[in-house]
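J.: For reference, this is input-v6.cif, and it has mmCIF, C-alpha atoms.
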```cif
data_coords
#
loop_
_atom_site.group_PDB
_atom_site.id
_atom_site.type_symbol
_atom_site.label_atom_id
_atom_site.label_comp_id
_atom_site.auth_asym_id
_atom_site.auth_seq_id
_atom_site.Cartn_x
_atom_site.Cartn_y
_atom_site.Cartn_z
ATOM 1 C CA MET A 481 24.729 27.592 -54.321
ATOM 2 C CA SER A 482 21.652 26.756 -52.273
ATOM 3 C CA SER A 483 18.826 29.237 -51.998
ATOM 4 C CA GLY A 484 18.449 31.286 -48.824
ATOM 5 C CA ASN A 485 14.877 29.987 -48.600
ATOM 6 C CA ASN A 486 15.991 26.372 -48.185
ATOM 7 C CA LYS A 487 15.733 24.967 -44.661
ATOM 8 C CA THR A 488 17.812 22.202 -43.184
ATOM 9 C CA ALA A 489 16.033 19.070 -41.990
ATOM 10 C CA SER A 490 16.766 19.977 -38.377
ATOM 11 C CA ASN A 491 14.767 23.199 -38.762
ATOM 12 C CA HIS A 492 11.734 21.519 -40.246
ATOM 13 C CA PRO A 493 8.733 21.808 -37.871
ATOM 14 C CA LYS A 494 8.256 18.041 -37.726
ATOM 15 C CA SER A 495 11.951 17.508 -37.077
ATOM 16 C CA VAL A 496 11.936 20.081 -34.272
ATOM 17 C CA LYS A 497 8.902 18.445 -32.661
ATOM 18 C CA SER A 498 10.508 15.015 -32.906
ATOM 19 C CA GLN A 499 13.711 16.347 -31.397
ATOM 20 C CA THR A 500 11.779 17.929 -28.529
ATOM 21 C CA LEU A 501 9.969 14.646 -27.890
ATOM 22 C CA VAL A 502 13.248 12.720 -27.819
ATOM 23 C CA ARG A 503 14.779 15.254 -25.430
ATOM 24 C CA GLY A 504 11.755 14.964 -23.144
ATOM 25 C CA LEU A 505 12.170 11.197 -23.045
ATOM 26 C CA VAL A 506 15.898 11.532 -22.378
ATOM 27 C CA ILE A 507 15.175 13.883 -19.468
ATOM 28 C CA MET A 508 12.660 11.468 -17.927
ATOM 29 C CA GLU A 509 15.146 8.629 -18.263
ATOM 30 C CA ALA A 510 17.829 10.765 -16.594
ATOM 31 C CA VAL A 511 15.725 11.220 -13.447
ATOM 32 C CA ALA A 512 14.350 7.674 -13.387
ATOM 33 C CA ASP A 513 16.742 6.513 -10.652
ATOM 34 C CA ASP A 514 17.341 9.711 -8.657
ATOM 35 C CA PRO A 515 15.817 13.220 -8.754
ATOM 36 C CA LEU A 516 18.107 15.859 -10.272
ATOM 37 C CA THR A 517 18.300 19.643 -10.477
ATOM 38 C CA ILE A 518 17.965 21.320 -13.866
ATOM 39 C CA HIS A 519 21.746 21.946 -13.901
ATOM 40 C CA GLU A 520 22.373 18.265 -13.192
ATOM 41 C CA ILE A 521 19.883 17.204 -15.852
ATOM 42 C CA SER A 522 21.565 19.507 -18.357
ATOM 43 C CA ALA A 523 24.995 18.077 -17.542
ATOM 44 C CA GLU A 524 23.715 14.484 -17.568
ATOM 45 C CA THR A 525 21.897 14.748 -20.914
ATOM 46 C CA GLY A 526 23.972 17.329 -22.786
ATOM 47 C CA ILE A 527 20.853 19.432 -23.312
ATOM 48 C CA SER A 528 21.391 23.156 -22.801
ATOM 49 C CA TYR A 529 20.074 24.624 -19.562
ATOM 50 C CA SER A 530 17.510 26.849 -21.300
ATOM 51 C CA THR A 531 16.149 23.998 -23.434
ATOM 52 C CA ALA A 532 16.085 21.613 -20.479
ATOM 53 C CA HIS A 533 14.271 24.222 -18.369
ATOM 54 C CA ARG A 534 11.629 24.736 -21.073
ATOM 55 C CA ILE A 535 10.974 21.014 -21.575
ATOM 56 C CA ILE A 536 11.000 20.272 -17.840
ATOM 57 C CA SER A 537 8.449 23.027 -17.231
ATOM 58 C CA VAL A 538 6.036 21.395 -19.702
ATOM 59 C CA LEU A 539 6.627 17.897 -18.290
ATOM 60 C CA ALA A 540 6.064 19.153 -14.753
ATOM 61 C CA GLU A 541 2.877 20.981 -15.795
ATOM 62 C CA LYS A 542 1.546 17.704 -17.249
ATOM 63 C CA HIS A 543 2.648 15.783 -14.113
ATOM 64 C CA TYR A 544 5.234 13.661 -15.927
ATOM 65 C CA LEU A 545 7.825 15.237 -13.614
ATOM 66 C CA THR A 546 7.476 16.584 -10.083
ATOM 67 C CA LEU A 547 9.581 19.171 -8.233
ATOM 68 C CA ASN A 548 10.851 18.070 -4.837
ATOM 69 C CA SER A 549 11.500 20.336 -1.876
ATOM 70 C CA ASP A 550 15.247 20.403 -2.636
ATOM 71 C CA LYS A 551 14.694 21.799 -6.165
ATOM 72 C CA ARG A 552 15.200 18.405 -7.798
ATOM 73 C CA TYR A 553 12.929 16.894 -10.394
ATOM 74 C CA GLY A 554 11.769 13.296 -10.226
ATOM 75 C CA LEU A 555 9.192 11.225 -12.056
ATOM 76 C CA GLY A 556 5.651 12.513 -11.557
ATOM 77 C CA SER A 557 2.294 10.962 -10.813
ATOM 78 C CA ARG A 558 1.372 10.640 -14.475
ATOM 79 C CA ILE A 559 4.354 8.361 -15.086
ATOM 80 C CA VAL A 560 3.372 6.275 -12.064
ATOM 81 C CA ALA A 561 -0.199 5.971 -13.383
ATOM 82 C CA LEU A 562 0.970 5.018 -16.876
ATOM 83 C CA GLY A 563 3.421 2.512 -15.473
ATOM 84 C CA PHE A 564 0.713 0.929 -13.349
ATOM 85 C CA SER A 565 -1.625 0.751 -16.342
ATOM 86 C CA ALA A 566 1.071 -0.822 -18.495
ATOM 87 C CA HIS A 567 1.807 -3.313 -15.726
ATOM 88 C CA GLN A 568 -1.856 -4.268 -15.511
ATOM 89 C CA GLN A 569 -2.126 -4.722 -19.265
ATOM 90 C CA ILE A 570 0.947 -6.910 -19.443
ATOM 91 C CA ASP A 571 -0.112 -8.969 -16.447
ATOM 92 C CA ILE A 572 -3.676 -9.560 -17.593
ATOM 93 C CA VAL A 573 -2.494 -10.984 -20.912
ATOM 94 C CA LYS A 574 0.123 -13.114 -19.191
ATOM 95 C CA VAL A 575 -2.474 -14.431 -16.745
ATOM 96 C CA ALA A 576 -5.059 -15.102 -19.439
ATOM 97 C CA HIS A 577 -2.918 -16.702 -22.151
ATOM 98 C CA PRO A 578 -2.670 -20.258 -20.737
ATOM 99 C CA TYR A 579 -6.460 -20.386 -20.349
ATOM 100 C CA LEU A 580 -6.972 -18.987 -23.858
ATOM 101 C CA LYS A 581 -4.598 -21.561 -25.286
ATOM 102 C CA ASP A 582 -6.414 -24.351 -23.465
ATOM 103 C CA LEU A 583 -9.780 -23.107 -24.771
ATOM 104 C CA ALA A 584 -8.442 -22.986 -28.331
ATOM 105 C CA GLU A 585 -7.157 -26.547 -28.031
ATOM 106 C CA LYS A 586 -10.515 -27.783 -26.723
ATOM 107 C CA THR A 587 -12.598 -26.045 -29.392
ATOM 108 C CA SER A 588 -10.158 -26.033 -32.357
ATOM 109 C CA ASP A 589 -11.399 -22.479 -33.001
ATOM 110 C CA THR A 590 -9.873 -18.997 -32.877
ATOM 111 C CA VAL A 591 -9.851 -17.503 -29.384
ATOM 112 C CA HIS A 592 -9.659 -13.759 -28.758
ATOM 113 C CA PHE A 593 -8.978 -11.738 -25.616
ATOM 114 C CA ALA A 594 -9.889 -8.057 -25.764
ATOM 115 C CA ARG A 595 -10.709 -4.870 -23.878
ATOM 116 C CA ILE A 596 -12.273 -1.465 -24.589
ATOM 117 C CA GLU A 597 -9.914 1.176 -25.946
ATOM 118 C CA ASP A 598 -11.177 4.587 -27.131
ATOM 119 C CA ASN A 599 -14.742 3.364 -27.736
ATOM 120 C CA GLU A 600 -13.507 0.352 -29.730
ATOM 121 C CA VAL A 601 -12.549 -3.264 -29.180
ATOM 122 C CA MET A 602 -8.783 -3.742 -28.981
ATOM 123 C CA TYR A 603 -7.445 -7.283 -29.231
ATOM 124 C CA LEU A 604 -4.930 -8.056 -26.479
ATOM 125 C CA ASP A 605 -4.301 -11.680 -27.464
ATOM 126 C CA LYS A 606 -5.255 -14.188 -30.143
ATOM 127 C CA VAL A 607 -4.823 -17.961 -30.353
ATOM 128 C CA ARG A 608 -5.339 -19.176 -33.911
ATOM 129 C CA SER A 609 -7.680 -21.951 -34.974
ATOM 130 C CA THR A 610 -6.326 -25.355 -35.973
ATOM 131 C CA ARG A 611 -8.959 -25.452 -38.717
ATOM 132 C CA PRO A 612 -8.106 -24.539 -42.347
ATOM 133 C CA ILE A 613 -9.520 -21.026 -41.949
ATOM 134 C CA GLU A 614 -8.133 -17.610 -41.098
ATOM 135 C CA ILE A 615 -9.964 -14.858 -39.239
ATOM 136 C CA SER A 616 -8.829 -11.342 -40.140
ATOM 137 C CA SER A 617 -7.951 -10.099 -36.668
ATOM 138 C CA ARG A 618 -4.619 -9.285 -35.064
ATOM 139 C CA ILE A 619 -3.230 -8.462 -31.661
ATOM 140 C CA GLY A 620 -3.444 -4.688 -31.291
ATOM 141 C CA GLY A 621 -6.124 -4.498 -33.963
ATOM 142 C CA ARG A 622 -9.425 -2.731 -33.386
ATOM 143 C CA LYS A 623 -13.057 -3.344 -34.255
ATOM 144 C CA PRO A 624 -16.415 -1.671 -33.507
ATOM 145 C CA LEU A 625 -17.836 -2.517 -30.087
ATOM 146 C CA VAL A 626 -21.443 -2.898 -31.098
ATOM 147 C CA THR A 627 -21.089 -5.514 -33.865
ATOM 148 C CA THR A 628 -18.441 -7.889 -32.514
ATOM 149 C CA GLY A 629 -19.307 -10.588 -29.989
ATOM 150 C CA VAL A 630 -16.359 -9.690 -27.798
ATOM 151 C CA GLY A 631 -17.316 -6.018 -28.024
ATOM 152 C CA LYS A 632 -20.853 -6.673 -26.854
ATOM 153 C CA ALA A 633 -19.540 -8.834 -24.002
ATOM 154 C CA LEU A 634 -17.385 -5.902 -22.896
ATOM 155 C CA LEU A 635 -20.533 -3.788 -22.565
ATOM 156 C CA LEU A 636 -22.588 -6.156 -20.420
ATOM 157 C CA ASP A 637 -22.078 -4.145 -17.215
ATOM 158 C CA LYS A 638 -23.101 -0.864 -18.842
ATOM 159 C CA SER A 639 -26.376 0.982 -18.220
ATOM 160 C CA ASP A 640 -28.806 1.760 -21.051
ATOM 161 C CA GLN A 641 -27.476 5.314 -21.113
ATOM 162 C CA GLU A 642 -23.913 4.059 -21.458
ATOM 163 C CA LEU A 643 -24.948 1.596 -24.167
ATOM 164 C CA THR A 644 -26.504 4.471 -26.109
ATOM 165 C CA TYR A 645 -23.256 6.417 -25.742
ATOM 166 C CA TYR A 646 -21.173 3.584 -27.197
ATOM 167 C CA LEU A 647 -23.745 2.878 -29.890
ATOM 168 C CA ASP A 648 -23.717 6.496 -31.061
ATOM 169 C CA ARG A 649 -19.926 6.482 -31.291
ATOM 170 C CA SER A 650 -19.792 3.177 -33.113
ATOM 171 C CA LEU A 651 -22.371 3.925 -35.796
ATOM 172 C CA ASP A 652 -19.954 6.241 -37.622
ATOM 173 C CA GLN A 653 -17.631 3.258 -38.157
ATOM 174 C CA LEU A 654 -20.330 1.011 -39.622
ATOM 175 C CA GLU A 655 -21.134 0.801 -43.303
ATOM 176 C CA ASN A 656 -24.170 -1.429 -42.753
ATOM 177 C CA SER A 657 -27.365 -0.214 -41.143
ATOM 178 C CA LEU A 658 -28.082 -1.206 -37.570
ATOM 179 C CA ASP A 659 -31.510 -1.275 -35.935
ATOM 180 C CA ARG A 660 -30.954 0.649 -32.703
ATOM 181 C CA ALA A 661 -34.055 -0.632 -30.919
ATOM 182 C CA ALA A 662 -33.322 -4.246 -31.845
ATOM 183 C CA TRP A 663 -29.697 -3.893 -30.744
ATOM 184 C CA MET A 664 -30.697 -2.452 -27.351
ATOM 185 C CA SER A 665 -33.252 -5.215 -26.869
ATOM 186 C CA THR A 666 -30.689 -7.871 -27.698
ATOM 187 C CA MET A 667 -28.170 -6.315 -25.304
ATOM 188 C CA THR A 668 -30.772 -6.491 -22.521
ATOM 189 C CA THR A 669 -31.013 -10.233 -23.124
ATOM 190 C CA TYR A 670 -27.243 -10.620 -23.236
ATOM 191 C CA ARG A 671 -26.869 -8.721 -19.955
ATOM 192 C CA SER A 672 -29.287 -11.117 -18.284
ATOM 193 C CA ASN A 673 -27.534 -14.178 -19.698
ATOM 194 C CA GLY A 674 -23.957 -13.028 -19.085
ATOM 195 C CA TYR A 675 -22.695 -13.717 -22.590
ATOM 196 C CA ALA A 676 -22.989 -12.282 -26.107
ATOM 197 C CA PHE A 677 -23.211 -13.613 -29.662
ATOM 198 C CA ASP A 678 -22.067 -12.318 -33.037
ATOM 199 C CA PHE A 679 -24.286 -13.744 -35.775
ATOM 200 C CA GLY A 680 -22.277 -12.146 -38.572
ATOM 201 C CA GLU A 681 -22.912 -8.491 -37.695
ATOM 202 C CA ASP A 682 -19.201 -7.735 -37.964
ATOM 203 C CA GLU A 683 -18.247 -10.122 -40.786
ATOM 204 C CA PRO A 684 -21.084 -12.029 -42.524
ATOM 205 C CA SER A 685 -19.213 -15.359 -42.588
ATOM 206 C CA ILE A 686 -18.034 -15.283 -38.941
ATOM 207 C CA ARG A 687 -19.919 -16.420 -35.839
ATOM 208 C CA CYS A 688 -18.776 -15.827 -32.270
ATOM 209 C CA ILE A 689 -19.627 -16.479 -28.606
ATOM 210 C CA ALA A 690 -18.085 -14.125 -26.020
ATOM 211 C CA VAL A 691 -18.062 -13.858 -22.222
ATOM 212 C CA PRO A 692 -16.777 -10.975 -20.040
ATOM 213 C CA VAL A 693 -13.910 -11.133 -17.544
ATOM 214 C CA TYR A 694 -14.275 -9.326 -14.188
ATOM 215 C CA ASP A 695 -11.695 -7.964 -11.769
ATOM 216 C CA GLY A 696 -11.884 -7.571 -7.986
ATOM 217 C CA SER A 697 -14.007 -4.415 -8.264
ATOM 218 C CA GLY A 698 -16.768 -6.350 -10.008
ATOM 219 C CA GLY A 699 -16.245 -4.447 -13.257
ATOM 220 C CA ILE A 700 -15.637 -5.912 -16.691
ATOM 221 C CA VAL A 701 -11.992 -5.476 -17.685
ATOM 222 C CA ALA A 702 -11.774 -7.790 -20.694
ATOM 223 C CA ALA A 703 -13.668 -10.467 -22.609
ATOM 224 C CA VAL A 704 -12.957 -13.899 -24.076
ATOM 225 C CA SER A 705 -14.435 -15.103 -27.353
ATOM 226 C CA VAL A 706 -14.428 -18.176 -29.575
ATOM 227 C CA SER A 707 -14.893 -17.485 -33.285
ATOM 228 C CA SER A 708 -15.192 -19.493 -36.481
ATOM 229 C CA THR A 709 -16.926 -19.552 -39.836
ATOM 230 C CA ILE A 710 -20.579 -20.562 -40.275
ATOM 231 C CA GLU A 711 -19.409 -23.967 -41.499
ATOM 232 C CA TYR A 712 -17.928 -24.782 -38.087
ATOM 233 C CA MET A 713 -20.121 -22.546 -35.942
ATOM 234 C CA PRO A 714 -23.845 -23.153 -36.466
ATOM 235 C CA GLU A 715 -26.135 -21.588 -33.876
ATOM 236 C CA SER A 716 -26.551 -24.896 -32.071
ATOM 237 C CA ARG A 717 -22.798 -25.113 -31.472
ATOM 238 C CA MET A 718 -22.676 -21.505 -30.275
ATOM 239 C CA HIS A 719 -25.077 -22.468 -27.488
ATOM 240 C CA GLU A 720 -23.043 -25.583 -26.723
ATOM 241 C CA LEU A 721 -19.898 -23.460 -26.263
ATOM 242 C CA ILE A 722 -21.431 -21.090 -23.701
ATOM 243 C CA ALA A 723 -20.399 -23.255 -20.733
ATOM 244 C CA GLU A 724 -16.855 -23.788 -22.019
ATOM 245 C CA VAL A 725 -16.202 -20.118 -22.758
ATOM 246 C CA SER A 726 -17.836 -19.084 -19.468
ATOM 247 C CA GLN A 727 -15.576 -21.430 -17.503
ATOM 248 C CA THR A 728 -12.506 -19.925 -19.158
ATOM 249 C CA ALA A 729 -13.673 -16.379 -18.412
ATOM 250 C CA GLU A 730 -14.413 -17.328 -14.798
ATOM 251 C CA LYS A 731 -10.934 -18.839 -14.328
ATOM 252 C CA ILE A 732 -9.300 -15.662 -15.610
ATOM 253 C CA SER A 733 -11.638 -13.541 -13.469
ATOM 254 C CA GLU A 734 -10.659 -15.526 -10.373
ATOM 255 C CA CYS A 735 -6.988 -14.797 -11.092
ATOM 256 C CA LEU A 736 -7.869 -11.091 -11.176
ATOM 257 C CA GLY A 737 -9.875 -11.198 -7.965
ATOM 258 C CA GLY A 738 -13.248 -11.262 -9.708
ATOM 259 C CA ARG A 739 -16.091 -13.545 -8.733
ATOM 260 C CA GLY A 740 -18.851 -14.163 -11.240
ATOM 261 C CA LYS A 741 -21.062 -11.430 -12.598
ATOM 262 C CA ALA A 742 -20.748 -7.829 -11.497
ATOM 263 C CA ARG A 743 -23.436 -6.276 -9.363
ATOM 264 C CA ARG A 744 -25.473 -3.875 -11.462
ATOM 265 C CA ALA A 745 -27.150 -0.737 -10.274
#
```
Take the structure in the file and write it out as structure tokens.
T.:
Amino acid sequence: MSSGNNKTASNHPKSVKSQTLVRGLVIMEAVADDPLTIHEISAETGISYSTAHRIISVLAEKHYLTLNSDKRYGLGSRIVALGFSAHQQIDIVKVAHPYLKDLAEKTSDTVHFARIEDNEVMYLDKVRSTRPIEISSRIGGRKPLVTTGVGKALLLDKSDQELTYYLDRSLDQLENSLDRAAWMSTMTTYRSNGYAFDFGEDEPSIRCIAVPVYDGSGGIVAAVSVSSTIEYMPESRMHELIAEVSQTAEKISECLGGRGKARRA
């Protein structure tokens, strides 16, 4: 006989939270096409009225659902915002990929496409090198902003105050020491030039040249980089690649409504 202290899996706190999350998603899917009353949602989903009411109240408070004048719930502004963001992310990668592929073919090196996510670099796309090397990055992977070439390129429209903000939040991720004054001075140069280098700050054997991508607002929304090992990427070649990488970034920017460098305050 089982002990009275034993709990079933369905009563476990994690299981209850997961079940609540699933029910919330089911409710949002139920009203995706047409707004429904709580009674209609309950009947449509099989969720009890009281449970549906509780979950709907939370979703409405967080703007995932909205209450219409006829007492029906439909998708809220937060869902619209998330959907628009997801659409932008999917589109920007789709727009950029042919240009990234072309750049990789021209250089024979690894090409990355990335954006800022939670004070880090997040890789949106990667086209592998045709050389017998492998760079330890992956789509969806993250890296510190302040040491990667693509990360520094993403910061080229930021003020000194904003650079300090990102630097402070990146230092906790870094095992190696970083000279703050030297980094800020280098970023000033990169801002003037419109591109950024990685001379092995992130990985000692890897070199990189990166250029930002702008949208119609004049802000940086992503960055393109070409990376390889020291063997294939001496400093002289990094300078030679500036024009090629810049042209690719400009082509992508044009597709997004951007035109050249952003205006800085």
J.: One decimal, in Å: what's the spacing between atom CA of A:Thr590 and atom CA of A:Arg608?
T.: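 So the answer is 4.7 Å.
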J.: Starting from the displayed file, determine the output of the PyMOL selection byres ((chain A and resi 669-682) around 9) and express the residue list as a ChimeraX atom specification.
T.: /A:623-624,626-633,635-638,654,656,658,664-668,683-692,707,710,715,718,722,726,741
J.: Would you kindly translate the PyMOL selection byres ((chain A and resi 724) around 12) into the concrete residues it picks from this file, as an MDAnalysis selection string?
T.: chainID A and resid 579:580 582:587 591 675 689:691 704:706 717:723 725:731
J.: Written as a short mmCIF file (atom, residue, chain, number, x, y, z; two decimals) with C-alpha atoms, keeping the file's coordinate frame, what is the full residue list that the PyMOL selection byres ((chain A and resi 612) around 12) yields on the file shown?
T.:
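So the final result, stored in out_12.cif, reads:
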```cif
data_model
loop_
_atom_site.label_atom_id
_atom_site.label_comp_id
_atom_site.auth_asym_id
_atom_site.auth_seq_id
_atom_site.Cartn_x
_atom_site.Cartn_y
_atom_site.Cartn_z
CA SER A 588 -10.16 -26.03 -32.36
CA ASP A 589 -11.40 -22.48 -33.00
CA THR A 590 -9.87 -19.00 -32.88
CA ARG A 608 -5.34 -19.18 -33.91
CA SER A 609 -7.68 -21.95 -34.97
CA THR A 610 -6.33 -25.36 -35.97
CA ARG A 611 -8.96 -25.45 -38.72
CA ILE A 613 -9.52 -21.03 -41.95
CA GLU A 614 -8.13 -17.61 -41.10
CA ILE A 615 -9.96 -14.86 -39.24
CA SER A 708 -15.19 -19.49 -36.48
CA THR A 709 -16.93 -19.55 -39.84
CA GLU A 711 -19.41 -23.97 -41.50
CA TYR A 712 -17.93 -24.78 -38.09
#
```
J.: Kindly give the distance, in Å, that separates atom CA of A:Tyr544 and atom CA of A:Asp571, rounded to a single decimal.
T.: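 Between atom CA of A:Tyr544 and atom CA of A:Asp571 the gap is 23.3 Å.
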J.: Report, in Å to a single decimal, how far apart atom CA of A:Ile572 and atom CA of A:Ile559 are.
T.: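 Value for the atom CA of A:Ile559-atom CA of A:Ile572 distance: 19.8 Å.
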J.: Residues near A:Val506, anyone? I mean within 9 Å using all atoms listed in the file, not counting same-chain ones fewer than 5 positions away, as a CSV table (one decimal) with C-alpha atoms, keeping the file's coordinate frame.
T.:
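Full text of result.csv as output:
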```csv
chain,number,residue,atom,x,y,z
A,501,LEU,CA,10.0,14.6,-27.9
A,511,VAL,CA,15.7,11.2,-13.4
A,525,THR,CA,21.9,14.7,-20.9
```
J.: Which residue is closest to A:Ile507? Choose from A:Ala594, A:Leu547, A:Ala662, A:Leu555 and count only C-alpha atoms.
T.: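 Smallest separation from A:Ile507 among the options: A:Leu555.
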J.: Restricting the calculation to all atoms listed in the file, which member of A:Ala702, A:Tyr646, A:Gly738, A:Lys542 is positioned closest to A:Asp605?
T.: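 Under the stated criterion, the closest residue is A:Ala702.
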J.: Measuring atom to atom with all atoms listed in the file, identify which of A:Ile536, A:Ala510, A:Val560, A:Val502 is nearest to A:Ala523.
T.: A:Ala510
